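For reference, structure27.cif (mmCIF, C-alpha atoms and all ligand atoms):
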data_query
loop_
_atom_site.group_PDB
_atom_site.id
_atom_site.type_symbol
_atom_site.label_atom_id
_atom_site.label_comp_id
_atom_site.auth_asym_id
_atom_site.auth_seq_id
_atom_site.Cartn_x
_atom_site.Cartn_y
_atom_site.Cartn_z
ATOM 1 C CA MET A 173 135.723 70.055 256.245
ATOM 2 C CA ASN A 174 139.184 70.061 257.748
ATOM 3 C CA ILE A 175 142.342 69.769 255.646
ATOM 4 C CA ASP A 176 142.650 65.980 256.098
ATOM 5 C CA GLU A 177 139.026 65.430 255.086
ATOM 6 C CA ILE A 178 139.573 67.513 251.958
ATOM 7 C CA ILE A 179 142.871 65.846 250.961
ATOM 8 C CA LYS A 180 141.844 62.285 251.734
ATOM 9 C CA GLY A 181 138.194 62.609 250.699
ATOM 10 C CA ARG A 182 138.980 63.844 247.185
ATOM 11 C CA ARG A 183 138.744 61.098 244.587
ATOM 12 C CA THR A 184 138.762 61.195 240.805
ATOM 13 C CA VAL A 185 135.217 61.261 239.456
ATOM 14 C CA LYS A 186 134.258 58.561 236.967
ATOM 15 C CA LYS A 187 130.721 59.804 236.311
ATOM 16 C CA PHE A 188 129.024 63.168 236.888
ATOM 17 C CA PHE A 189 125.377 64.078 237.467
ATOM 18 C CA SER A 190 124.096 66.505 234.818
ATOM 19 C CA ARG A 191 123.328 69.191 237.461
ATOM 20 C CA SER A 192 125.046 72.462 236.535
ATOM 21 C CA VAL A 193 127.672 74.250 238.605
ATOM 22 C CA THR A 194 127.245 77.933 239.499
ATOM 23 C CA PHE A 195 129.729 80.442 238.107
ATOM 24 C CA GLU A 196 130.395 81.567 241.693
ATOM 25 C CA LYS A 197 131.711 78.091 242.540
ATOM 26 C CA ILE A 198 133.845 77.972 239.399
ATOM 27 C CA LEU A 199 135.418 81.284 240.392
ATOM 28 C CA LYS A 200 136.140 79.977 243.894
ATOM 29 C CA ILE A 201 137.922 76.992 242.338
ATOM 30 C CA LEU A 202 140.014 79.247 240.094
ATOM 31 C CA ASP A 203 140.781 81.559 242.993
ATOM 32 C CA ALA A 204 142.156 78.530 244.877
ATOM 33 C CA ALA A 205 144.282 77.673 241.822
ATOM 34 C CA ASP A 206 145.583 81.228 241.736
ATOM 35 C CA HIS A 207 146.908 80.848 245.298
ATOM 36 C CA ALA A 208 149.280 78.023 244.370
ATOM 37 C CA PRO A 209 153.035 78.568 244.696
ATOM 38 C CA SER A 210 154.957 79.369 241.499
ATOM 39 C CA THR A 211 158.625 79.858 240.645
ATOM 40 C CA GLY A 212 159.540 83.535 240.936
ATOM 41 C CA ASN A 213 155.842 84.196 241.648
ATOM 42 C CA SER A 214 155.335 83.844 237.886
ATOM 43 C CA GLN A 215 151.649 82.741 238.165
ATOM 44 C CA ASN A 216 151.906 81.292 234.674
ATOM 45 C CA TRP A 217 148.574 79.411 234.789
ATOM 46 C CA ARG A 218 145.828 80.444 232.345
ATOM 47 C CA PHE A 219 142.303 79.012 232.299
ATOM 48 C CA ILE A 220 139.601 78.536 229.687
ATOM 49 C CA ILE A 221 136.176 77.784 231.165
ATOM 50 C CA ILE A 222 134.215 75.519 228.825
ATOM 51 C CA THR A 223 130.507 74.811 229.173
ATOM 52 C CA ASP A 224 129.515 74.729 225.504
ATOM 53 C CA LYS A 225 128.193 71.254 224.594
ATOM 54 C CA LYS A 226 129.666 71.271 221.073
ATOM 55 C CA THR A 227 133.131 72.207 222.315
ATOM 56 C CA LYS A 228 133.028 69.502 224.993
ATOM 57 C CA LYS A 229 131.978 66.950 222.386
ATOM 58 C CA SER A 230 134.903 67.904 220.144
ATOM 59 C CA LEU A 231 137.265 67.526 223.125
ATOM 60 C CA VAL A 232 136.173 63.916 223.671
ATOM 61 C CA SER A 233 137.602 62.860 220.309
ATOM 62 C CA ILE A 234 141.033 64.370 221.015
ATOM 63 C CA CYS A 235 141.176 62.883 224.539
ATOM 64 C CA ASP A 236 141.204 59.193 223.685
ATOM 65 C CA ASN A 237 137.421 59.198 223.519
ATOM 66 C CA GLN A 238 136.912 59.955 227.219
ATOM 67 C CA LYS A 239 133.148 60.460 227.316
ATOM 68 C CA LEU A 240 133.309 61.889 230.814
ATOM 69 C CA ILE A 241 134.414 65.226 229.307
ATOM 70 C CA GLU A 242 131.149 65.582 227.437
ATOM 71 C CA GLU A 243 129.141 64.530 230.495
ATOM 72 C CA SER A 244 130.731 66.948 232.962
ATOM 73 C CA PRO A 245 128.938 70.302 233.326
ATOM 74 C CA VAL A 246 132.163 72.334 233.279
ATOM 75 C CA VAL A 247 135.579 71.669 231.805
ATOM 76 C CA ILE A 248 138.470 73.963 232.643
ATOM 77 C CA ALA A 249 141.414 73.858 230.262
ATOM 78 C CA VAL A 250 144.673 74.810 231.957
ATOM 79 C CA PHE A 251 147.503 76.335 229.928
ATOM 80 C CA SER A 252 150.941 77.539 230.888
ATOM 81 C CA ASP A 253 152.085 80.938 229.658
ATOM 82 C CA ASN A 254 155.852 80.590 229.815
ATOM 83 C CA LEU A 255 156.826 84.083 228.594
ATOM 84 C CA LYS A 256 157.735 85.451 232.030
ATOM 85 C CA LEU A 257 159.275 82.115 233.033
ATOM 86 C CA LYS A 258 161.564 82.168 229.980
ATOM 87 C CA THR A 259 162.882 85.600 230.945
ATOM 88 C CA LEU A 260 163.394 84.534 234.540
ATOM 89 C CA PHE A 261 164.626 80.963 234.141
ATOM 90 C CA GLY A 262 165.641 80.354 230.504
ATOM 91 C CA ASP A 263 165.965 76.628 229.787
ATOM 92 C CA LYS A 264 164.134 75.693 232.976
ATOM 93 C CA ALA A 265 160.945 77.549 231.926
ATOM 94 C CA ASP A 266 159.072 74.512 230.600
ATOM 95 C CA PHE A 267 160.002 72.416 233.628
ATOM 96 C CA TYR A 268 158.820 75.075 236.078
ATOM 97 C CA GLY A 269 155.786 75.872 233.933
ATOM 98 C CA ILE A 270 154.518 72.309 234.325
ATOM 99 C CA GLN A 271 155.199 72.165 238.058
ATOM 100 C CA ASN A 272 153.520 75.504 238.783
ATOM 101 C CA CYS A 273 150.425 74.480 236.843
ATOM 102 C CA ALA A 274 150.323 71.094 238.585
ATOM 103 C CA ALA A 275 150.259 72.880 241.953
ATOM 104 C CA ALA A 276 147.422 75.105 240.706
ATOM 105 C CA ILE A 277 145.489 72.101 239.364
ATOM 106 C CA GLN A 278 145.781 70.253 242.673
ATOM 107 C CA ASN A 279 144.356 73.327 244.437
ATOM 108 C CA MET A 280 141.441 73.242 241.996
ATOM 109 C CA LEU A 281 140.679 69.592 242.773
ATOM 110 C CA LEU A 282 140.844 70.198 246.519
ATOM 111 C CA LYS A 283 138.674 73.322 246.396
ATOM 112 C CA ALA A 284 136.104 71.528 244.216
ATOM 113 C CA HIS A 285 135.884 68.787 246.850
ATOM 114 C CA ASP A 286 135.584 71.390 249.603
ATOM 115 C CA LEU A 287 132.593 72.871 247.739
ATOM 116 C CA GLY A 288 130.858 69.484 247.529
ATOM 117 C CA LEU A 289 131.851 69.033 243.887
ATOM 118 C CA GLY A 290 133.950 66.367 242.196
ATOM 119 C CA SER A 291 136.670 66.620 239.599
ATOM 120 C CA THR A 292 138.752 64.668 237.109
ATOM 121 C CA TRP A 293 142.243 65.675 236.010
ATOM 122 C CA ILE A 294 142.522 64.778 232.309
ATOM 123 C CA GLY A 295 146.072 64.539 231.007
ATOM 124 C CA LYS A 296 145.503 62.359 227.991
ATOM 125 C CA PHE A 297 144.921 64.656 224.993
ATOM 126 C CA ASN A 298 146.357 65.670 221.659
ATOM 127 C CA GLU A 299 148.124 68.939 222.483
ATOM 128 C CA GLU A 300 148.063 70.503 219.022
ATOM 129 C CA LYS A 301 144.401 69.666 218.451
ATOM 130 C CA LEU A 302 143.454 71.017 221.870
ATOM 131 C CA LYS A 303 145.133 74.337 221.036
ATOM 132 C CA GLU A 304 143.373 74.410 217.688
ATOM 133 C CA ILE A 305 139.908 73.809 219.175
ATOM 134 C CA LEU A 306 140.390 76.503 221.830
ATOM 135 C CA ASN A 307 142.155 79.089 219.615
ATOM 136 C CA VAL A 308 145.341 78.969 221.656
ATOM 137 C CA GLU A 309 148.464 80.053 219.806
ATOM 138 C CA PHE A 310 151.524 80.068 222.070
ATOM 139 C CA GLN A 311 150.589 78.737 225.505
ATOM 140 C CA ASP A 312 151.325 75.120 226.525
ATOM 141 C CA PRO A 313 148.376 72.854 227.351
ATOM 142 C CA GLN A 314 148.651 71.245 230.788
ATOM 143 C CA ALA A 315 145.332 69.610 231.603
ATOM 144 C CA LEU A 316 141.599 69.562 231.290
ATOM 145 C CA VAL A 317 139.824 69.591 234.625
ATOM 146 C CA CYS A 318 136.271 68.240 234.558
ATOM 147 C CA ILE A 319 134.055 69.554 237.332
ATOM 148 C CA GLY A 320 130.567 68.638 238.451
ATOM 149 C CA TYR A 321 128.529 66.794 241.051
ATOM 150 C CA PRO A 322 129.937 63.280 241.455
ATOM 151 C CA GLU A 323 127.736 60.260 240.747
ATOM 152 C CA ARG A 324 130.559 57.689 240.862
ATOM 153 C CA THR A 325 134.170 58.045 242.010
ATOM 154 C CA ASN A 326 137.417 56.129 241.667
ATOM 155 C CA LYS A 327 137.856 53.183 244.022
ATOM 156 C CA LEU A 328 141.554 52.489 243.441
ATOM 157 C CA GLU A 329 143.478 51.987 246.683
ATOM 158 C CA ARG A 330 146.793 53.574 247.712
ATOM 159 C CA GLU A 331 149.927 51.412 247.869
ATOM 160 C CA PRO A 332 151.442 51.410 251.388
ATOM 161 C CA LEU A 333 153.261 54.680 252.143
ATOM 162 C CA ASN A 334 156.219 52.802 253.598
ATOM 163 C CA TYR A 335 156.951 51.393 250.143
ATOM 164 C CA LYS A 336 157.588 54.929 248.843
ATOM 165 C CA ILE A 337 159.825 56.288 251.606
ATOM 166 C CA PHE A 338 163.600 56.072 251.949
ATOM 167 C CA TYR A 339 165.807 57.669 254.574
ATOM 168 C CA GLU A 340 168.764 59.900 253.783
ATOM 169 C CA LYS A 341 169.740 57.935 250.648
ATOM 170 C CA TRP A 342 167.778 56.101 247.942
ATOM 171 C CA GLY A 343 167.141 52.484 248.964
ATOM 172 C CA ASN A 344 167.706 52.905 252.717
ATOM 173 C CA LYS A 345 164.614 51.732 254.602
ATOM 174 C CA ILE A 346 166.043 52.113 258.114
ATOM 175 C CA ARG A 347 164.889 55.372 259.661
ATOM 176 C CA ASP A 348 167.576 56.127 262.251
ATOM 177 C CA THR A 349 170.647 56.100 260.070
ATOM 178 C CA ASN A 350 172.796 56.664 263.163
ATOM 179 C CA LEU A 351 172.060 53.027 263.964
ATOM 180 C CA TRP A 352 173.261 51.897 260.594
ATOM 181 C CA PRO A 353 175.714 50.510 259.728
ATOM 182 C CA VAL A 354 176.131 48.735 263.052
ATOM 183 C CA SER A 355 179.874 48.526 262.344
ATOM 184 C CA LYS A 356 180.027 52.268 263.123
ATOM 185 C CA TYR A 357 179.378 51.336 266.756
ATOM 186 C CA ILE A 358 181.812 48.430 266.986
ATOM 187 C CA PRO A 359 184.904 50.594 267.782
ATOM 188 C CA LYS A 360 182.912 52.501 270.443
ATOM 189 C CA VAL A 361 181.636 49.295 272.080
ATOM 190 C CA SER A 362 185.015 47.560 271.905
ATOM 191 C CA ASN A 363 186.666 50.615 273.532
ATOM 192 C CA GLN A 364 184.147 50.478 276.384
ATOM 193 C CA VAL A 365 184.875 46.754 276.864
ATOM 194 C CA LYS A 366 188.621 47.434 276.787
ATOM 195 C CA GLU A 367 188.277 50.239 279.367
ATOM 196 C CA PHE A 368 186.162 47.947 281.585
ATOM 197 C CA ILE A 369 188.800 45.148 281.445
ATOM 198 C CA ASP A 370 191.632 47.635 282.087
ATOM 199 C CA ARG A 371 189.822 48.965 285.172
ATOM 200 C CA ARG A 372 189.301 45.392 286.470
ATOM 201 C CA ILE A 373 192.983 44.518 285.953
ATOM 202 C CA LYS A 374 194.079 47.727 287.678
ATOM 203 C CA ARG A 375 191.728 47.125 290.654
ATOM 204 C CA GLU A 376 192.859 43.540 291.026
ATOM 205 C CA SER A 377 196.559 44.430 290.839
ATOM 206 C CA ASN A 378 196.031 47.199 293.430
ATOM 207 C CA SER A 379 194.351 44.787 295.808
ATOM 208 C CA LYS A 380 197.273 42.348 295.728
HETATM 209 C C1 LIG A 401 148.796 64.143 235.269
HETATM 210 C C2 LIG A 401 147.513 63.363 235.431
HETATM 211 C C3 LIG A 401 146.819 62.969 234.303
HETATM 212 C C4 LIG A 401 145.623 62.233 234.447
HETATM 213 N N1 LIG A 401 144.906 61.916 233.321
HETATM 214 C C5 LIG A 401 143.721 61.272 233.453
HETATM 215 C C6 LIG A 401 142.923 61.023 232.299
HETATM 216 O O1 LIG A 401 143.279 61.360 231.179
HETATM 217 N N2 LIG A 401 141.732 60.389 232.497
HETATM 218 C C7 LIG A 401 141.283 60.020 233.756
HETATM 219 O O2 LIG A 401 140.173 59.471 233.853
HETATM 220 N N3 LIG A 401 142.008 60.262 234.848
HETATM 221 C C8 LIG A 401 143.217 60.884 234.731
HETATM 222 N N4 LIG A 401 143.951 61.178 235.853
HETATM 223 C C9 LIG A 401 143.433 60.778 237.181
HETATM 224 C C10 LIG A 401 144.130 59.537 237.714
HETATM 225 O O3 LIG A 401 143.744 58.409 236.990
HETATM 226 C C11 LIG A 401 143.802 59.400 239.214
HETATM 227 O O4 LIG A 401 144.281 60.525 239.900
HETATM 228 C C12 LIG A 401 144.381 58.135 239.825
HETATM 229 O O5 LIG A 401 143.745 56.995 239.334
HETATM 230 C C13 LIG A 401 144.295 58.136 241.350
HETATM 231 O O6 LIG A 401 142.945 58.234 241.747
HETATM 232 P P1 LIG A 401 142.417 59.402 242.715
HETATM 233 O O7 LIG A 401 142.589 60.707 241.973
HETATM 234 O O8 LIG A 401 140.998 59.051 242.971
HETATM 235 O O9 LIG A 401 143.242 59.388 243.946
HETATM 236 C C14 LIG A 401 145.154 61.881 235.729
HETATM 237 C C15 LIG A 401 145.880 62.286 236.862
HETATM 238 C C16 LIG A 401 147.030 63.019 236.718
HETATM 239 C C17 LIG A 401 147.769 63.469 237.966
#
Take the structure in the file and give it back as structure tokens.
Amino acid sequence: MNIDEIIKGRRTVKKFFSRSVTFEKILKILDAADHAPSTGNSQNWRFIIITDKKTKKSLVSICDNQKLIEESPVVIAVFSDNLKLKTLFGDKADFYGIQNCAAAIQNMLLKAHDLGLGSTWIGKFNEEKLKEILNVEFQDPQALVCIGYPERTNKLEREPLNYKIFYEKWGNKIRDTNLWPVSKYIPKVSNQVKEFIDRRIKRESNSK
């Protein structure tokens, strides 16, 4: 698959087949995550690979009863370890921690698709309860990523890209800002007209 096929072909999975996923493929997905960019090369992402049925069942109840979690063969919990980030960036640590992990998660989804798998990014969960279930003390929960072979995927359409793009300043929908505002050109045009009239007058007076 080329990059466009991977990016555009990936869709959130709504239902997984029960077929299991090899550990080799899981490692490839995490290796892709580990190649994401991160502030100060902090690589603050941490992963817990969950295949245990009982654990997955307990996760459903703290994720707004999303049954998909229980049905997916593998769930990867992503946490941010902000220790290094706090030393490097102080108050900005949490902000960067989230962004770095989001980049890693997106790599996971794309790699899963590349491997013929599907994925679902789960962001709706009780943070404290998730930490409790997985014995996490200090790290910040970011997401659960469900992985498996897709039986049914999301069908939601994209809004038009044009709706989301502005040029140079918020709200400006005209691409070549040199053309806007038109008033910028009025002095230039009026000068050219004036020069043209002056030349005509001069020519005519010379010919008399
Ligand atoms: C931060 C984040 C949290 C999300 N949380 C959930 C979730 O809890 N449950 C779910 O089914 N999908 C969740 N999604 C998936 C979105 O619903 C999905 O990406 C969106 O509908 C667009 O569909 P697509 O991924 O097929 O392009 C989440 C996505 C993101 C980026």
Can you tell me which residues surround region 318-326 of chain A at a distance of at most 10 Å, considering all atoms listed in the file, apart from same-chain residues fewer than 6 positions away, and format the answer as an mmCIF file with C-alpha atoms, keeping the file's coordinate frame?
data_model
loop_
_atom_site.group_PDB
_atom_site.id
_atom_site.type_symbol
_atom_site.label_atom_id
_atom_site.label_comp_id
_atom_site.auth_asym_id
_atom_site.auth_seq_id
_atom_site.Cartn_x
_atom_site.Cartn_y
_atom_site.Cartn_z
ATOM 1 C CA ARG A 182 138.980 63.844 247.185
ATOM 2 C CA ARG A 183 138.744 61.098 244.587
ATOM 3 C CA THR A 184 138.762 61.195 240.805
ATOM 4 C CA VAL A 185 135.217 61.261 239.456
ATOM 5 C CA LYS A 186 134.258 58.561 236.967
ATOM 6 C CA LYS A 187 130.721 59.804 236.311
ATOM 7 C CA PHE A 188 129.024 63.168 236.888
ATOM 8 C CA PHE A 189 125.377 64.078 237.467
ATOM 9 C CA SER A 190 124.096 66.505 234.818
ATOM 10 C CA ARG A 191 123.328 69.191 237.461
ATOM 11 C CA SER A 192 125.046 72.462 236.535
ATOM 12 C CA VAL A 193 127.672 74.250 238.605
ATOM 13 C CA THR A 194 127.245 77.933 239.499
ATOM 14 C CA ILE A 198 133.845 77.972 239.399
ATOM 15 C CA ILE A 201 137.922 76.992 242.338
ATOM 16 C CA ILE A 222 134.215 75.519 228.825
ATOM 17 C CA LEU A 240 133.309 61.889 230.814
ATOM 18 C CA ILE A 241 134.414 65.226 229.307
ATOM 19 C CA GLU A 242 131.149 65.582 227.437
ATOM 20 C CA GLU A 243 129.141 64.530 230.495
ATOM 21 C CA SER A 244 130.731 66.948 232.962
ATOM 22 C CA PRO A 245 128.938 70.302 233.326
ATOM 23 C CA VAL A 246 132.163 72.334 233.279
ATOM 24 C CA VAL A 247 135.579 71.669 231.805
ATOM 25 C CA ILE A 248 138.470 73.963 232.643
ATOM 26 C CA ALA A 249 141.414 73.858 230.262
ATOM 27 C CA MET A 280 141.441 73.242 241.996
ATOM 28 C CA LEU A 281 140.679 69.592 242.773
ATOM 29 C CA ALA A 284 136.104 71.528 244.216
ATOM 30 C CA HIS A 285 135.884 68.787 246.850
ATOM 31 C CA LEU A 287 132.593 72.871 247.739
ATOM 32 C CA GLY A 288 130.858 69.484 247.529
ATOM 33 C CA LEU A 289 131.851 69.033 243.887
ATOM 34 C CA GLY A 290 133.950 66.367 242.196
ATOM 35 C CA SER A 291 136.670 66.620 239.599
ATOM 36 C CA THR A 292 138.752 64.668 237.109
ATOM 37 C CA TRP A 293 142.243 65.675 236.010
ATOM 38 C CA ILE A 294 142.522 64.778 232.309
#
Next on the checklist: Could you list, as a VMD selection string, every residue matched by the PyMOL selection byres (((chain A and resi 314) around 7) and not hetatm) in this structure?
Outcome noted: chain A and resid 250 to 252 270 312 to 313 315
Please write out, as lines of an AutoDock Vina configuration file, where the centre of an axis-aligned box around all listed atoms of ligand LIG 401 (chain A) lies and how long its edges are, in Å to one decimal, after adding 5 Å on each side.
center_x = 144.5
center_y = 60.6
center_z = 237.6
size_x = 18.6
size_y = 17.1
size_z = 22.8
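Residues lying within 7 Å of Asn279 (chain A), counting only C-alpha atoms and ignoring same-chain neighbours fewer than 2 positions away, are A:Ala204, A:Ala205, A:Ala208, A:Ala275, A:Ala276, A:Ile277, A:Leu281, A:Leu282, A:Lys283.
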Next on the checklist: Which residue is closest to Gly212 (chain A)? Choose from A:Lys256, A:Lys345, A:Lys200, A:Lys229 and count all atoms listed in the file.
Outcome noted: A:Lys256
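Minimum atom-to-atom distance to ligand LIG 401 (chain A), evaluated using only C-alpha atoms and all ligand atoms, belongs to A:Arg330 out of A:Arg330, A:Lys197, A:Lys366, A:Lys225.
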Item to check | Computed interatomic separation between atom C1 of ligand LIG 401 (chain A) and CA of Gly295 (chain A) (Å) | outcome: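 A separation of 5.1 Å between them.
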Item to check | From A:Leu199, A:Glu177, A:Phe338, A:Phe219, residue lying nearest Val308 (chain A) [all atoms listed in the file] | outcome: A:Phe219
Item to check | Nearest to ligand LIG 401 (chain A), chosen from A:Asp224, A:Asp203, A:Glu331, A:Glu196, with only C-alpha atoms and all ligand atoms counted in the distances | outcome: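 Selected residue with least distance to ligand LIG 401 (chain A): A:Glu331.
Here the question is which of A:Leu231, A:Asn174, A:Tyr268, A:Asp370 gets nearest to ligand LIG 401 (chain A) using all atoms listed in the file, and that residue is A:Leu231.
Candidate residues A:Lys239, A:Phe310, A:Lys327, A:Ala274 were compared for distance to Asn254 (chain A), and the nearest is A:Phe310, using all atoms listed in the file.
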